[in-house]
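The structure file upload_38.cif is reproduced below (mmCIF, C-alpha atoms).
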data_start
loop_
_atom_site.label_atom_id
_atom_site.label_comp_id
_atom_site.auth_asym_id
_atom_site.auth_seq_id
_atom_site.Cartn_x
_atom_site.Cartn_y
_atom_site.Cartn_z
CA MET V 262 13.69 -9.33 29.13
CA ASP V 263 16.12 -6.86 27.60
CA THR V 264 16.10 -5.81 23.94
CA LYS V 265 18.61 -8.43 22.82
CA GLU V 266 16.71 -11.26 24.52
CA LYS V 267 13.47 -10.14 22.91
CA GLU V 268 15.07 -10.00 19.46
CA GLU V 269 16.51 -13.51 19.94
CA LEU V 270 13.10 -14.85 21.02
CA ILE V 271 11.37 -13.27 18.02
CA SER V 272 14.01 -14.69 15.69
CA MET V 273 13.67 -18.18 17.21
CA LEU V 274 9.88 -18.18 16.99
CA LYS V 275 9.95 -16.97 13.40
CA GLN V 276 12.44 -19.70 12.46
CA LEU V 277 10.08 -22.26 13.96
CA MET V 278 7.23 -20.91 11.85
CA SER V 279 9.25 -20.39 8.68
CA PRO V 280 12.82 -21.81 8.62
CA THR V 281 13.68 -20.02 5.36
CA SER V 282 12.84 -16.51 6.59
CA ASN V 283 15.51 -13.92 7.39
CA ASP V 284 15.75 -11.81 10.55
CA ALA V 285 13.53 -8.98 9.30
CA LEU V 286 10.42 -8.21 11.32
CA SER V 287 7.35 -10.06 10.11
CA ASN V 288 5.59 -6.70 9.88
CA SER V 289 8.08 -5.47 7.27
CA TRP V 290 8.14 -5.16 3.50
CA GLU V 291 11.20 -7.44 3.39
CA ARG V 292 9.12 -10.23 4.91
CA VAL V 293 6.22 -9.47 2.55
CA GLU V 294 8.56 -9.92 -0.44
CA GLU V 295 9.76 -13.23 1.00
CA LEU V 296 6.20 -14.42 1.47
CA ARG V 297 5.29 -13.36 -2.06
CA ALA V 298 8.13 -15.55 -3.36
CA GLU V 299 7.14 -18.44 -1.08
CA LEU V 300 3.55 -18.30 -2.27
CA THR V 301 4.67 -18.86 -5.84
CA THR V 302 6.95 -21.82 -5.09
CA ASP V 303 6.19 -23.61 -1.79
CA THR V 304 3.35 -26.02 -2.52
CA ASN V 305 3.82 -27.92 0.74
CA LYS V 306 3.48 -24.98 3.11
CA TYR V 307 0.87 -23.23 0.97
CA PRO V 308 -1.24 -25.96 -0.68
CA TRP V 309 -4.01 -23.40 -1.18
CA ARG V 310 -1.75 -20.91 -3.00
CA GLU V 311 -3.20 -21.48 -6.49
CA SER V 312 -6.76 -20.94 -5.29
CA ALA V 313 -5.65 -17.83 -3.38
CA GLU V 314 -3.94 -16.45 -6.48
CA VAL V 315 -7.04 -16.97 -8.61
CA LEU V 316 -9.09 -15.19 -5.96
CA TRP V 317 -6.59 -12.32 -5.80
CA GLN V 318 -6.68 -11.84 -9.58
CA ALA V 319 -10.49 -11.59 -9.43
CA VAL V 320 -10.35 -9.14 -6.52
CA SER V 321 -7.63 -7.06 -8.17
CA TYR V 322 -9.70 -6.83 -11.34
CA ALA V 323 -12.85 -5.93 -9.38
CA GLN V 324 -11.15 -3.06 -7.53
CA TYR V 325 -9.61 -1.68 -10.76
CA ASP V 326 -6.00 -2.03 -9.64
CA ASP V 327 -4.62 -1.90 -13.19
CA GLU V 328 -6.70 1.13 -14.15
CA CYS V 329 -5.60 2.91 -10.97
CA GLY V 330 -1.94 2.04 -11.51
CA ILE V 331 -1.78 -0.03 -8.30
CA ASN V 332 0.70 -2.91 -8.13
CA ARG V 333 0.68 -5.58 -5.43
CA SER V 334 4.36 -4.82 -4.74
CA ASP V 335 3.70 -1.12 -3.98
CA LYS V 336 4.96 0.09 -0.60
CA ILE V 337 2.85 3.17 0.03
CA THR V 338 3.09 2.94 3.83
CA ARG V 339 5.88 2.28 6.33
CA THR V 340 4.70 -1.20 7.30
CA PRO V 341 2.28 -3.91 6.10
CA LEU V 342 0.04 -3.26 9.14
CA GLU V 343 -0.32 0.38 8.11
CA SER V 344 -0.99 -0.81 4.57
CA LEU V 345 -3.94 -2.83 5.86
CA ASN V 346 -5.32 0.31 7.51
CA ASP V 347 -4.80 2.25 4.29
CA CYS V 348 -6.63 -0.41 2.30
CA LEU V 349 -9.57 -0.37 4.71
CA GLU V 350 -9.88 3.40 4.36
CA ARG V 351 -9.85 3.43 0.54
CA PRO V 352 -11.38 0.73 0.56
CA ARG V 353 -9.54 -2.04 -1.28
CA PHE V 354 -8.39 -5.55 -0.48
CA PRO V 355 -4.66 -6.09 0.29
CA PRO V 356 -2.64 -8.93 -1.32
CA ILE V 357 -2.49 -12.22 0.56
CA GLU V 358 1.23 -11.79 1.32
CA VAL V 359 0.51 -8.59 3.25
CA LEU V 360 -2.15 -10.34 5.33
CA SER V 361 0.17 -13.32 5.84
CA ALA V 362 2.96 -11.08 7.18
CA ILE V 363 0.59 -9.42 9.64
CA ASN V 364 -0.81 -12.79 10.73
CA GLU V 365 2.70 -14.17 11.20
CA ALA V 366 3.62 -11.28 13.48
CA PHE V 367 0.48 -11.85 15.57
CA GLN V 368 1.19 -15.59 15.80
CA ILE V 369 4.70 -14.84 17.08
CA TYR V 370 3.19 -12.58 19.74
CA MET V 371 0.81 -15.36 20.82
CA LEU V 372 3.51 -18.05 20.82
CA ALA V 373 5.68 -15.89 23.08
CA GLY V 374 3.20 -16.49 25.88
CA GLY V 375 3.33 -13.03 27.37
CA LYS V 376 7.10 -12.51 27.06
CA LEU V 377 6.68 -10.04 24.21
CA GLU V 378 4.57 -6.93 23.69
CA LEU V 379 2.79 -6.25 20.41
CA GLU V 380 5.15 -3.28 20.03
CA ASP V 381 8.17 -5.63 20.10
CA VAL V 382 6.77 -7.93 17.45
CA PHE V 383 5.23 -5.44 15.04
CA PHE V 384 7.58 -2.46 15.30
CA GLY V 385 10.74 -3.52 17.10
CA PRO V 386 12.32 -2.07 20.24
CA ARG V 387 11.59 1.38 21.58
CA LYS V 388 14.17 4.03 20.71
CA ARG V 389 15.86 5.75 23.62
CA GLY V 390 14.92 9.41 23.81
CA VAL V 391 12.12 9.02 21.25
CA GLY V 392 9.80 6.28 22.49
CA ASN V 393 7.66 3.69 20.79
CA TYR V 394 6.69 3.50 17.13
CA SER V 395 3.68 5.77 17.54
CA ALA V 396 5.79 8.45 19.22
CA ARG V 397 8.44 8.23 16.49
CA CYS V 398 5.84 8.57 13.73
CA ARG V 399 4.23 11.53 15.47
CA LYS V 400 7.54 13.33 15.82
CA GLU V 401 8.43 12.64 12.19
CA ALA V 402 5.06 13.93 10.98
CA ASP V 403 5.47 17.05 13.09
CA TYR V 404 8.93 17.85 11.70
CA SER V 405 7.67 17.18 8.18
CA HIS V 406 4.82 19.64 8.75
CA PHE V 407 7.22 22.23 10.16
CA ASP V 408 9.52 21.75 7.17
CA PHE V 409 6.58 22.53 4.88
CA TYR V 410 5.82 25.62 6.97
CA VAL V 411 9.45 26.77 6.74
CA ARG V 412 9.41 26.49 2.95
CA VAL V 413 5.98 27.86 2.00
CA GLY V 414 4.33 29.14 5.16
CA GLY V 415 2.13 26.11 5.76
CA ASP V 416 -0.30 26.80 2.93
CA LEU V 417 0.38 26.74 -0.80
CA ARG V 418 -2.07 29.63 -1.26
CA LEU V 419 0.44 31.88 0.48
CA MET V 420 2.70 31.57 -2.56
CA SER V 421 0.12 33.45 -4.65
CA ASP V 422 0.49 36.43 -2.30
CA GLU V 423 3.96 37.61 -3.29
CA GLU V 424 4.26 40.18 -0.53
CA ALA V 425 3.28 37.76 2.23
CA TYR V 426 5.44 35.03 0.75
CA ARG V 427 8.52 37.27 0.58
CA ALA V 428 7.92 38.41 4.16
CA HIS V 429 7.76 34.79 5.29
CA GLN V 430 10.97 33.90 3.47
CA LYS V 431 12.83 36.80 5.09
CA LYS V 432 12.18 35.38 8.56
CA SER V 433 15.01 33.45 10.17
CA LEU V 434 14.58 29.78 10.93
CA GLU V 435 14.53 30.65 14.65
CA ASP V 436 11.70 33.17 14.11
CA LYS V 437 9.73 30.62 12.12
CA ALA V 438 10.15 28.05 14.87
CA GLU V 439 8.98 30.48 17.55
CA GLU V 440 5.92 31.43 15.51
CA TYR V 441 5.16 27.82 14.62
CA LEU V 442 5.21 26.75 18.27
CA ALA V 443 3.41 29.84 19.55
CA TYR V 444 0.47 29.21 17.22
CA GLY V 445 0.00 25.55 18.09
CA MET V 446 2.04 24.23 15.17
CA ASN V 447 -0.43 25.61 12.64
CA PRO V 448 0.17 29.38 12.30
CA HIS V 449 -1.71 29.81 9.04
CA ARG V 450 -4.95 28.32 10.37
CA ALA V 451 -4.55 29.88 13.83
CA LYS V 452 -4.16 33.39 12.43
CA ARG V 453 -7.12 32.89 10.11
CA LEU V 454 -9.26 31.90 13.10
CA GLY V 455 -8.00 34.79 15.22
CA VAL V 456 -6.13 32.66 17.71
CA GLN V 457 -3.63 34.61 19.79
CA ALA V 458 0.01 33.55 19.94
CA ASN V 459 1.06 31.70 23.09
CA CYS V 460 4.79 31.99 23.65
CA GLU V 461 4.49 29.76 26.75
CA SER V 462 3.68 26.64 24.75
CA GLY V 463 6.04 24.56 26.88
CA ILE V 464 8.28 23.64 23.95
CA ASP V 465 11.67 25.33 23.79
CA PRO V 466 12.28 26.61 20.21
CA GLU V 467 16.01 25.91 20.42
CA SER V 468 15.45 22.31 21.52
CA TYR V 469 12.80 21.91 18.85
CA LEU V 470 15.19 23.15 16.16
CA ARG V 471 17.91 20.78 17.32
CA GLY V 472 15.49 17.90 16.80
CA TYR V 473 14.39 19.33 13.45
CA ARG V 474 17.98 19.60 12.22
CA ARG V 475 18.65 15.99 13.24
CA TRP V 476 15.54 14.97 11.34
CA LYS V 477 16.73 16.89 8.27
CA ARG V 478 20.07 15.07 8.36
CA THR V 479 18.42 11.65 8.64
CA PRO V 480 17.99 9.87 5.26
CA LYS V 481 14.30 9.56 4.36
CA GLU V 482 12.74 6.53 2.70
#
Please express what this file holds, its structure, as structure tokens.
Amino acid sequence: MDTKEKEELISMLKQLMSPTSNDALSNSWERVEELRAELTTDTNKYPWRESAEVLWQAVSYAQYDDECGINRSDKITRTPLESLNDCLERPRFPPIEVLSAINEAFQIYMLAGGKLELEDVFFGPRKRGVGNYSARCRKEADYSHFDFYVRVGGDLRLMSDEEAYRAHQKKSLEDKAEEYLAYGMNPHRAKRLGVQANCESGIDPESYLRGYRRWKRTPKE
């Protein structure tokens, strides 16, 4: 199946499960907001909603959400699935609408009967030249880390050393990229550990900077 056929199948299956939903991925904050609204109004589809809300209020109180300034509508991660992972690491319990969105995505995957990959259902189609969702996130994190290195040298403590900080700022962007790649994308730590620069890292600095500049031009959430 091509990308368009997969998107049409996902849309059809989601309409079967929830006729009032839009075309957003189930594993999306748009769908979570829809589910949150449904849970407060649709007594036929969610006959257990009142009991679930009472339970959520008790859980929210027990994990000190109000004291910690945490709201159930917060979007601290890219997707609901990543929010679940974040909650497990804290640990805290996610709102029912987040769990419902994740469950809906998984049910769509199962209903597809092998015609869809989990990647298709949870994160959408692969991007040409970038790859799947994991590859896109890795590249974004890498450019974000390099951007921090460009600005402050990769460690805020460098800013307290005026001489070293000025020397870093005098370097051209090209020089910073070469150093960043030669030291395994962590020059500050590598130098501290005595690691030698490797200019044959396999990544072309010019190509890397082209990708970095594209990333800089892309609007961030």
If the PyMOL selection byres ((chain V and resi 353-369) around 9) is run on the structure shown, which residues does it catch, given as a PyMOL selection string?
chain V and resi 271+274-275+278+286-290+292-297+300+313-314+317+320-321+324+333-334+341-342+344-345+347-352+370-373+377+379+382-383
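Between CA of Ser395 (chain V) and CA of Thr264 (chain V) the interatomic distance comes to 18.1 Å.
Take CA of Gly392 (chain V) and CA of Asp284 (chain V): the distance between them is 22.5 Å.
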Atomic separation - CA of Arg475 (chain V) relative to CA of Ala451 (chain V), Å
27.0 Å
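Excluding region 386-391 of chain V itself and same-chain residues fewer than 5 positions from it, the residues having an atom within 9 Å of it are Thr264, Lys267, Glu268, Glu380, Asp381, Ala396, Arg397 and Lys400 of chain V, counting only C-alpha atoms.
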Which residues, written as a PyMOL selection string, have at least one atom at most 10 Å from Glu401 (chain V), with all atoms listed in the file counted and residues fewer than 6 positions away on the same chain left out?
chain V and resi 395+407+472-473+476
Taking the file as shown, what set of residues would the PyMOL selection byres ((chain V and resi 421-438) around 12) give back, as a PyMOL selection string?
chain V and resi 404+406-420+439-449+460+462+464-474
Expected file: the selected residues, C-alpha atoms, as a PDB file, in the frame of the given file:
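part22.pdb, freshly written:
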ATOM      1  CA  TYR V 404       8.930  17.850  11.700  1.00  0.00           C
ATOM      2  CA  HIS V 406       4.820  19.640   8.750  1.00  0.00           C
ATOM      3  CA  PHE V 407       7.220  22.230  10.160  1.00  0.00           C
ATOM      4  CA  ASP V 408       9.520  21.750   7.170  1.00  0.00           C
ATOM      5  CA  PHE V 409       6.580  22.530   4.880  1.00  0.00           C
ATOM      6  CA  TYR V 410       5.820  25.620   6.970  1.00  0.00           C
ATOM      7  CA  VAL V 411       9.450  26.770   6.740  1.00  0.00           C
ATOM      8  CA  ARG V 412       9.410  26.490   2.950  1.00  0.00           C
ATOM      9  CA  VAL V 413       5.980  27.860   2.000  1.00  0.00           C
ATOM     10  CA  GLY V 414       4.330  29.140   5.160  1.00  0.00           C
ATOM     11  CA  GLY V 415       2.130  26.110   5.760  1.00  0.00           C
ATOM     12  CA  ASP V 416      -0.300  26.800   2.930  1.00  0.00           C
ATOM     13  CA  LEU V 417       0.380  26.740  -0.800  1.00  0.00           C
ATOM     14  CA  ARG V 418      -2.070  29.630  -1.260  1.00  0.00           C
ATOM     15  CA  LEU V 419       0.440  31.880   0.480  1.00  0.00           C
ATOM     16  CA  MET V 420       2.700  31.570  -2.560  1.00  0.00           C
ATOM     17  CA  GLU V 439       8.980  30.480  17.550  1.00  0.00           C
ATOM     18  CA  GLU V 440       5.920  31.430  15.510  1.00  0.00           C
ATOM     19  CA  TYR V 441       5.160  27.820  14.620  1.00  0.00           C
ATOM     20  CA  LEU V 442       5.210  26.750  18.270  1.00  0.00           C
ATOM     21  CA  ALA V 443       3.410  29.840  19.550  1.00  0.00           C
ATOM     22  CA  TYR V 444       0.470  29.210  17.220  1.00  0.00           C
ATOM     23  CA  GLY V 445       0.000  25.550  18.090  1.00  0.00           C
ATOM     24  CA  MET V 446       2.040  24.230  15.170  1.00  0.00           C
ATOM     25  CA  ASN V 447      -0.430  25.610  12.640  1.00  0.00           C
ATOM     26  CA  PRO V 448       0.170  29.380  12.300  1.00  0.00           C
ATOM     27  CA  HIS V 449      -1.710  29.810   9.040  1.00  0.00           C
ATOM     28  CA  CYS V 460       4.790  31.990  23.650  1.00  0.00           C
ATOM     29  CA  SER V 462       3.680  26.640  24.750  1.00  0.00           C
ATOM     30  CA  ILE V 464       8.280  23.640  23.950  1.00  0.00           C
ATOM     31  CA  ASP V 465      11.670  25.330  23.790  1.00  0.00           C
ATOM     32  CA  PRO V 466      12.280  26.610  20.210  1.00  0.00           C
ATOM     33  CA  GLU V 467      16.010  25.910  20.420  1.00  0.00           C
ATOM     34  CA  SER V 468      15.450  22.310  21.520  1.00  0.00           C
ATOM     35  CA  TYR V 469      12.800  21.910  18.850  1.00  0.00           C
ATOM     36  CA  LEU V 470      15.190  23.150  16.160  1.00  0.00           C
ATOM     37  CA  ARG V 471      17.910  20.780  17.320  1.00  0.00           C
ATOM     38  CA  GLY V 472      15.490  17.900  16.800  1.00  0.00           C
ATOM     39  CA  TYR V 473      14.390  19.330  13.450  1.00  0.00           C
ATOM     40  CA  ARG V 474      17.980  19.600  12.220  1.00  0.00           C
TER      41      ARG V 474
END
Nearest to Thr340 (chain V): which of V:Glu269, V:Glu291, V:Glu378, V:Asp403 is it, counting all atoms listed in the file?
V:Glu291
Taking every listed atom of region 353-367 of chain V and adding 4 Å to each side, what centre and edge lengths in Å (one decimal) does the axis-aligned box have, as lines of an AutoDock Vina configuration file?
center_x = -3.0
center_y = -8.1
center_z = 7.1
size_x = 21.2
size_y = 20.1
size_z = 24.9
Between V:Lys306, V:Glu343, V:Gln318, V:Gly463, which has the minimum distance to Pro280 (chain V) (counting all atoms listed in the file)?
V:Lys306
